[in-house]
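The file target.pdb contains PDB, C-alpha atoms, pLDDT in the B column:
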MODEL        1
ATOM      1  CA  PRO A 848       0.000   0.000   0.000  1.00 75.00           C
ATOM      2  CA  ASP A 849       2.797   2.470   0.742  1.00 89.00           C
ATOM      3  CA  GLU A 850       4.347   2.011  -2.690  1.00 92.00           C
ATOM      4  CA  PHE A 851       0.984   2.617  -4.370  1.00 92.00           C
ATOM      5  CA  TYR A 852       0.428   5.732  -2.286  1.00 94.00           C
ATOM      6  CA  GLN A 853       3.884   7.137  -3.009  1.00 96.00           C
ATOM      7  CA  ILE A 854       3.718   6.528  -6.766  1.00 95.00           C
ATOM      8  CA  LEU A 855       0.181   7.887  -7.145  1.00 95.00           C
ATOM      9  CA  ARG A 856       1.029  10.890  -4.963  1.00 96.00           C
ATOM     10  CA  GLU A 857       4.065  11.608  -7.136  1.00 96.00           C
ATOM     11  CA  LEU A 858       1.887  11.473 -10.264  1.00 96.00           C
ATOM     12  CA  LEU A 859      -0.287  14.234  -8.824  1.00 96.00           C
ATOM     13  CA  LYS A 860       2.615  16.251  -7.430  1.00 97.00           C
ATOM     14  CA  SER A 861       4.516  16.163 -10.744  1.00 96.00           C
ATOM     15  CA  LYS A 862       1.343  17.175 -12.646  1.00 94.00           C
ATOM     16  CA  LYS A 863       1.456  13.981 -14.736  1.00 95.00           C
ATOM     17  CA  ALA A 864      -2.028  13.296 -13.374  1.00 96.00           C
ATOM     18  CA  ASN A 865      -4.735  15.855 -12.736  1.00 94.00           C
ATOM     19  CA  GLN A 866      -6.952  13.496 -10.747  1.00 95.00           C
ATOM     20  CA  ILE A 867      -6.847   9.883  -9.589  1.00 96.00           C
ATOM     21  CA  PHE A 868      -9.887   7.809  -8.642  1.00 94.00           C
ATOM     22  CA  ILE A 869      -9.845   4.375  -7.047  1.00 91.00           C
ATOM     23  CA  ARG A 870     -12.690   2.063  -8.040  1.00 91.00           C
ATOM     24  CA  ILE A 871     -14.036   0.208  -5.008  1.00 83.00           C
ATOM     25  CA  SER A 872     -15.304  -3.098  -6.372  1.00 78.00           C
ATOM     26  CA  ASP A 873     -16.120  -4.981  -3.175  1.00 76.00           C
ATOM     27  CA  ILE A 874     -16.192  -4.686   0.597  1.00 74.00           C
ATOM     28  CA  ASP A 875     -15.002  -7.614   2.686  1.00 72.00           C
ATOM     29  CA  GLU A 876     -15.317  -8.270   6.392  1.00 69.00           C
ATOM     30  CA  PRO A 877     -14.558  -6.359   8.471  1.00 67.00           C
ATOM     31  CA  GLU A 878     -16.743  -3.729   6.869  1.00 67.00           C
ATOM     32  CA  ASP A 879     -13.896  -1.244   6.502  1.00 70.00           C
ATOM     33  CA  TRP A 880     -11.776  -3.542   4.282  1.00 73.00           C
ATOM     34  CA  PHE A 881     -12.247  -2.342   0.700  1.00 78.00           C
ATOM     35  CA  TYR A 882     -11.170  -4.198  -2.426  1.00 78.00           C
ATOM     36  CA  SER A 883     -10.093  -2.510  -5.637  1.00 86.00           C
ATOM     37  CA  ASP A 884      -8.679  -3.845  -8.881  1.00 91.00           C
ATOM     38  CA  THR A 885      -8.785  -0.610 -10.902  1.00 95.00           C
ATOM     39  CA  ILE A 886      -7.647   2.978 -10.635  1.00 96.00           C
ATOM     40  CA  TYR A 887      -8.548   5.764 -13.040  1.00 96.00           C
ATOM     41  CA  ILE A 888      -5.955   8.383 -13.904  1.00 97.00           C
ATOM     42  CA  ILE A 889      -7.126  11.644 -15.465  1.00 96.00           C
ATOM     43  CA  SER A 890      -4.263  13.257 -17.345  1.00 96.00           C
ATOM     44  CA  ASP A 891      -3.230  15.268 -20.364  1.00 95.00           C
ATOM     45  CA  GLN A 892      -0.136  13.063 -20.736  1.00 96.00           C
ATOM     46  CA  THR A 893       0.300  10.221 -23.232  1.00 96.00           C
ATOM     47  CA  ILE A 894      -0.393   6.629 -22.268  1.00 96.00           C
ATOM     48  CA  ASP A 895       3.344   5.872 -22.583  1.00 96.00           C
ATOM     49  CA  ILE A 896       4.196   8.493 -19.958  1.00 96.00           C
ATOM     50  CA  ILE A 897       1.573   7.068 -17.613  1.00 96.00           C
ATOM     51  CA  LYS A 898       2.773   3.495 -18.212  1.00 96.00           C
ATOM     52  CA  ASP A 899       6.356   4.526 -17.480  1.00 96.00           C
ATOM     53  CA  SER A 900       5.322   6.392 -14.334  1.00 95.00           C
ATOM     54  CA  ILE A 901       3.475   3.446 -12.765  1.00 96.00           C
ATOM     55  CA  GLN A 902       5.457   0.482 -14.110  1.00 95.00           C
ATOM     56  CA  HIS A 903       6.681  -0.440 -10.594  1.00 95.00           C
ATOM     57  CA  LEU A 904       3.075  -1.139  -9.580  1.00 95.00           C
ATOM     58  CA  ARG A 905       3.001  -3.916 -12.222  1.00 96.00           C
ATOM     59  CA  PRO A 906      -0.529  -3.445 -13.577  1.00 96.00           C
ATOM     60  CA  ASP A 907      -1.913  -6.178 -15.839  1.00 96.00           C
ATOM     61  CA  GLU A 908      -3.518  -3.712 -18.204  1.00 96.00           C
ATOM     62  CA  ILE A 909      -3.646   0.002 -18.938  1.00 97.00           C
ATOM     63  CA  GLN A 910      -6.198   1.283 -21.402  1.00 96.00           C
ATOM     64  CA  GLU A 911      -7.625   4.609 -22.426  1.00 96.00           C
ATOM     65  CA  ASP A 912     -11.222   5.355 -21.302  1.00 95.00           C
ATOM     66  CA  TRP A 913     -13.350   4.099 -18.402  1.00 95.00           C
ATOM     67  CA  MET A 914     -12.924   0.332 -18.049  1.00 94.00           C
ATOM     68  CA  TYR A 915     -16.269  -0.123 -16.266  1.00 91.00           C
ATOM     69  CA  GLY A 916     -18.087   2.964 -17.509  1.00 91.00           C
ATOM     70  CA  LYS A 917     -17.972   6.478 -16.098  1.00 91.00           C
ATOM     71  CA  PRO A 918     -18.538   6.501 -12.328  1.00 89.00           C
ATOM     72  CA  ALA A 919     -21.621   8.442 -11.234  1.00 87.00           C
ATOM     73  CA  ASN A 920     -19.653  10.538  -8.740  1.00 86.00           C
ATOM     74  CA  VAL A 921     -17.097  11.872 -11.259  1.00 89.00           C
ATOM     75  CA  ASP A 922     -17.638  15.262 -12.884  1.00 88.00           C
ATOM     76  CA  GLU A 923     -17.184  15.781 -16.601  1.00 88.00           C
ATOM     77  CA  ILE A 924     -13.567  15.597 -17.726  1.00 88.00           C
ATOM     78  CA  LYS A 925     -12.064  18.776 -19.149  1.00 86.00           C
ATOM     79  CA  ASN A 926     -11.384  18.944 -22.877  1.00 86.00           C
ATOM     80  CA  GLY A 927      -7.966  17.569 -23.804  1.00 87.00           C
ATOM     81  CA  GLN A 928      -7.692  15.305 -20.786  1.00 94.00           C
ATOM     82  CA  LYS A 929      -7.658  11.544 -21.121  1.00 96.00           C
ATOM     83  CA  ILE A 930      -8.929   8.819 -18.844  1.00 96.00           C
ATOM     84  CA  TYR A 931      -6.601   5.902 -18.234  1.00 97.00           C
ATOM     85  CA  SER A 932      -7.888   2.732 -16.569  1.00 97.00           C
ATOM     86  CA  VAL A 933      -5.195   0.809 -14.739  1.00 97.00           C
ATOM     87  CA  TRP A 934      -6.222  -2.755 -13.865  1.00 96.00           C
ATOM     88  CA  TRP A 935      -4.821  -5.649 -11.851  1.00 95.00           C
ATOM     89  CA  ASP A 936      -6.083  -9.219 -12.072  1.00 89.00           C
TER
ENDMDL
END
Represent the structure from my file as structure tokens, please.
Amino acid sequence: PDEFYQILRELLKSKKANQIFIRISDIDEPEDWFYSDTIYIISDQTIDIIKDSIQHLRPDEIQEDWMYGKPANVDEIKNGQKIYSVWWD
């Protein structure tokens, strides 16, 4: 978890990402234990820059656009920004 936090924080700090959302896909017991297999990175950078920036997290797939559809709680994305779905199996 610390490595994920540090790398994602650096993405925001370096302005390679404008926003990062973590998709909560399940909740296990105890009730405060969340499970996620996908993060969404909103950026004006290329997919290659994003891939290079998060390679140490070893994702199984990185694709452009919302992998599971646009979340209801996310505002419209500004023109010129891209959505990258980062997924682990």
Please measure the separation of CA of Ile871 (chain A) and CA of Ser883 (chain A), giving the value in Å to one decimal.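 Computed distance, CA of Ile871 (chain A) to CA of Ser883 (chain A), equals 4.8 Å.
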Could you pull the residues within 6 Å of region 910-914 of chain A, counting only C-alpha atoms, minus those fewer than 3 positions along the same chain, as a list of chain:residue names?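 Answer for this query is A:Lys917, A:Ile930, A:Tyr931, A:Ser932.
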Counting only C-alpha atoms, figure out which residue out of A:Ile901, A:Tyr852, A:Ser872, A:Ile867 gets nearest to Tyr887 (chain A).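 Checking each of A:Ile901, A:Tyr852, A:Ser872, A:Ile867 against Tyr887 (chain A), counting only C-alpha atoms, the winner is A:Ile867.
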Starting from the point (-12.5, 4.2, -8.5), work out which residues of protein, DNA or RNA have an atom no more than 7 Å away when counting only C-alpha atoms; state them as a list of chain:residue names.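 Using only C-alpha atoms, the matching residues come out as A:Phe868, A:Ile869, A:Arg870, A:Ile871, A:Thr885, A:Ile886, A:Tyr887.
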When distances are computed from only C-alpha atoms, which of A:Asp873, A:Thr893, A:Gln866, A:Leu904 shows the smallest separation from Asp849 (chain A)?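 Closest to Asp849 (chain A), using only C-alpha atoms: A:Leu904.
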What is the CA of Ile889 (chain A)-CA of Leu858 (chain A) distance in Å, reported with one decimal? 10.4 Å
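Close contacts of Gln892 (chain A), defined as residues with an atom at most 9 Å away when counting only C-alpha atoms, with chain neighbours fewer than 2 positions off set aside, comprise Lys863, Ala864, Ile889, Ser890, Ile894, Asp895, Ile896, Ile897, Gln928 and Lys929 of chain A.
Interatomic distance, CA of Arg856 (chain A) to CA of Trp935 (chain A): 18.8 Å.
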Can you turn the PyMOL selection byres ((chain A and resi 936) around 10) into a concrete residue list for this file, as JSON, numbers by chain? {"A": [884, 885, 906, 907, 908, 934, 935]}
